[in-house]
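Asker: After the structure tokens below, expect a handful of questions from me.
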Amino acid sequence: MSEDADEKERRIVEARHKLMERWEQRMRDSPALSDARPQGSGPPNRHGMPKLPVGQTETRKWPVLDLGRKPVVPKDRWQLVVDGAVEQPLTLDWAAFMALPQTTDTSDFHCVTSWSKMDMQWVGVRFADLMARVHPTATAVHVMCHGYDGYTTNVALEEALKPDVLLAHTVDGRELAVEHGGPVRMITPQLYAWKGSKWISRIQLLTREKLGFWEMNGYSSSAHPWRDDRYSRSRGS
């Protein structure tokens with residue numbers, strides 16, 4: 001590793017530690033880490049929650065769910081914009097994205113339509129490492145993720161900063177297929193999977209909560225699987 005690369009890595013690590021210090025307590029207080037009565041079954045996962053959340057059925061298949069559009073984005077045309085309430089907005093092409101620190105992590109995938117696929121091995125860039133590059137402002141509280149298909153979804157910043165939230169390009173040893181959101185999708189293992197945008201194109205930091213596509217269509221903004229938190233309380237009112 002060159003001296004420049006060493007220095008870049010050192011700065012990223014230092015910035016990430018500062019970011020974690022700011023948000024550590026809020027992450028610890030989130031339901032997936034602090035809930036005294038989580039709903040589900042099976043042995044505890046690595047966060048202490050039951051392996052299978054309430055209302056879920058384990059599957060070995062990986063069903064495909066989307067809005068009916070599957071954009072094909074070649075790597076040489078793919079870009080990720082990170083903007084909004086950040087000090088250093090950033091646009092990454094494929095080479096710049098792959099030059100960021102890469103993380104391999106195994107986690108479970110819980111779909112709101114009641115299935116869970118367990119122990120998926122992902123490779124990608126930690127959301128927290130990306131935030132260490134752009135420096136969210138002190139007023140940033142939420143994230144809006146945008147997909148190349150026009151999809152949007154909101155995530156509380158304390159949820160997005162958890163170390164198992166990745167911008168993933170590889171799963172179970174293979175490049176992420178188009179139907180599953182390739183070349184890059186976001187994964188949110190401690191929330192229902194709709195919170196992770198497929199074909200991700202933009203990450204927008206917000207100073208207040210705004211609703212994404214499914215949140216505007218009756219789904220929960222918080223989306224905690226171990227609370228069966230699928231739908232908005234105001235749904236149907």
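Ligands are numbered from 1 in the order shown, chains are lettered A, B, ... in the order of the structure tokens, and residues start at 1 in each chain.
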Can you pull out the residues contacting A:Ser220? Cut-off 8 Å, using only C-alpha atoms, and skip same-chain residues under 5 positions away; I want them as a list in words.
Answerer: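 In the requested format, the answer is Glu215, Asp229, Arg230, Tyr231, Ser232 and Arg233 of chain A.
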Asker: Store the residues picked out above in a file with N, CA, C and O atoms, as a PDB file, in the first residue's frame.
Answerer:
```pdb
ATOM      1  N   GLU A 215     -43.037   3.908   2.286  1.00  0.00           N
ATOM      2  CA  GLU A 215     -43.488   4.626   3.485  1.00  0.00           C
ATOM      3  C   GLU A 215     -44.686   5.520   3.167  1.00  0.00           C
ATOM      4  O   GLU A 215     -45.575   5.701   4.000  1.00  0.00           O
ATOM      5  N   ASP A 229     -43.077  -4.849  12.805  1.00  0.00           N
ATOM      6  CA  ASP A 229     -43.296  -3.430  12.508  1.00  0.00           C
ATOM      7  C   ASP A 229     -43.336  -3.211  10.998  1.00  0.00           C
ATOM      8  O   ASP A 229     -42.457  -2.579  10.424  1.00  0.00           O
ATOM      9  N   ARG A 230     -44.401  -3.740  10.370  1.00  0.00           N
ATOM     10  CA  ARG A 230     -44.479  -3.743   8.901  1.00  0.00           C
ATOM     11  C   ARG A 230     -45.207  -2.529   8.344  1.00  0.00           C
ATOM     12  O   ARG A 230     -44.839  -2.030   7.280  1.00  0.00           O
ATOM     13  N   TYR A 231     -46.233  -2.087   9.020  1.00  0.00           N
ATOM     14  CA  TYR A 231     -47.121  -1.067   8.443  1.00  0.00           C
ATOM     15  C   TYR A 231     -47.213   0.153   9.347  1.00  0.00           C
ATOM     16  O   TYR A 231     -47.035   0.075  10.569  1.00  0.00           O
ATOM     17  N   SER A 232     -47.511   1.264   8.732  1.00  0.00           N
ATOM     18  CA  SER A 232     -47.668   2.509   9.466  1.00  0.00           C
ATOM     19  C   SER A 232     -48.884   2.429  10.363  1.00  0.00           C
ATOM     20  O   SER A 232     -49.923   1.866   9.990  1.00  0.00           O
ATOM     21  N   ARG A 233     -48.785   3.022  11.550  1.00  0.00           N
ATOM     22  CA  ARG A 233     -49.931   3.027  12.474  1.00  0.00           C
ATOM     23  C   ARG A 233     -51.093   3.815  11.901  1.00  0.00           C
ATOM     24  O   ARG A 233     -52.238   3.602  12.284  1.00  0.00           O
TER      25      ARG A 233
END
```
Asker: Please report, as JSON, numbers by chain, each residue of stretch 4-198 of chain A to which DSSP assigns alpha helix (DSSP H) when run on this structure's backbone.
Answerer: {"A": [4, 5, 6, 7, 8, 9, 10, 11, 12, 13, 14, 15, 16, 17, 18, 19, 20, 21, 22, 23, 24, 25, 26, 27, 28, 31, 32, 33, 34, 94, 95, 96, 97, 98, 99, 127, 128, 129, 130, 131, 132, 133, 134, 157, 158, 159, 160]}
Asker: From the set A:Lys162, A:His224, A:Phe213, A:Asp129, which residue has the shortest atom-to-atom contact distance to A:Gly40, counting only C-alpha atoms?
Answerer: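 Answer, going by the shortest atom-to-atom distance: A:His224.
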Asker: If we count only C-alpha atoms, what is near A:Asp66 at a cut-off of 12 Å, once residues fewer than 4 positions away on the same chain are taken out, given as a ChimeraX atom specification?
Answerer: /A:70-71,111,147-152,178-181,193-194,196-199,213-214
Asker: Which distance in Å separates atom CA of A:Asp93 and atom CA of A:Ala138, to one decimal?
Answerer: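 So the two atoms, atom CA of A:Asp93 and atom CA of A:Ala138, lie 27.1 Å apart.
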Asker: Could you check the closest approach to A:Trp94 for each of A:Ser201, A:Thr137, A:Ser222, A:Asn45 and tell me which residue wins, using only C-alpha atoms?
Answerer: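 Residue with the minimum atom-to-atom distance to A:Trp94: A:Ser201.
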Asker: Determine, counting only C-alpha atoms, which protein, DNA and RNA residues have an atom within 7 Å of an atom of stretch 80-90 of chain A; residues of the same chain fewer than 5 positions away are not included. Present the result as a ChimeraX atom specification.
Answerer: /A:134-137,140,201-207
Asker: Which of stretch 147-198 of chain A counts as strand (DSSP E or B) under DSSP, as JSON, numbers by chain please?
Answerer: {"A": [147, 152, 153, 154, 155, 156, 166, 167, 168, 169, 170, 171, 174, 175, 185, 186, 187]}
Asker: To one decimal place, how far is atom CA of A:Val184 from atom CA of A:Val155 in Å?
Answerer: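 Those two atoms sit 17.4 Å apart.
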Asker: A:Asp119, A:Asp228, A:Glu209, A:Asp108: which is nearest A:Val165, counting only C-alpha atoms?
Answerer: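 Once distances to A:Val165 are computed over only C-alpha atoms, the minimum belongs to A:Asp108.
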Asker: Can you list, as a list in words, every protein, DNA or RNA residue that comes within 9 Å of A:Arg11 when you count only C-alpha atoms, leaving out same-chain residues fewer than 4 positions away?
Answerer: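 Here the qualifying residues turn out to be Asp6, Glu7, Ala15, Arg16, Ala132 and Arg133 of chain A.
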Asker: How many Å lie between atom CA of A:Val141 and atom CA of A:Thr91, rounded to one decimal?
Answerer: 20.9 Å
